[in-house]
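Some notes on the structure that comes next.
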Amino acid sequence: MLNNVQFITDDHGHRTAVIVPMSEWEQMEKARDILEHVYLSGLIEERKTSKASVGFDDLLNQEGLTRADLDH
């Protein structure tokens, strides 16, 4: 992975940007998506066992809504 990566540097030789081949970029995007799903799955599992900090009706009330508003 990360073959043929090119760096753009400033006048002092410090890397300021990178050029990545599309095939490698697509692989990184897939990996990022998988990591995001793993992270979200962990949050969901954690929240399954925790008590809601705000009740549903209280949340609706904060937004100026009622359960009847949801039927429309």
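Residue numbering restarts at 1 for every chain of the structure tokens, chains are lettered A, B, ... in their displayed order, and ligands are numbered from 1 as they appear.
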Original post:
Can you list every residue in range 1-30 of chain A that DSSP puts in strand (DSSP E), as a ChimeraX atom specification?
Top reply: /A:6-9,15-19
Subject >> Surrounding residues of Asn4 in chain A excluding itself and chain neighbours under 2 positions, 12 Å, only C-alpha atoms, as a ChimeraX atom specification >> reply: /A:1-2,6-7,18-25
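CA of Glu45 in chain A sits 24.4 Å away from CA of Glu29 in chain A.
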Original post:
Taking the backbone alone, and naming residues the way the document does, which bits of chain A are alpha helix (DSSP H) by DSSP, as JSON, numbers by chain?
Top reply: {"A": [22, 23, 24, 25, 26, 27, 28, 29, 30, 31, 32, 33, 34, 35, 36, 37, 38, 39, 40, 41, 42, 43, 44, 45, 46, 47, 48, 56, 57, 58, 59, 60, 61, 62, 67, 68, 69, 70]}
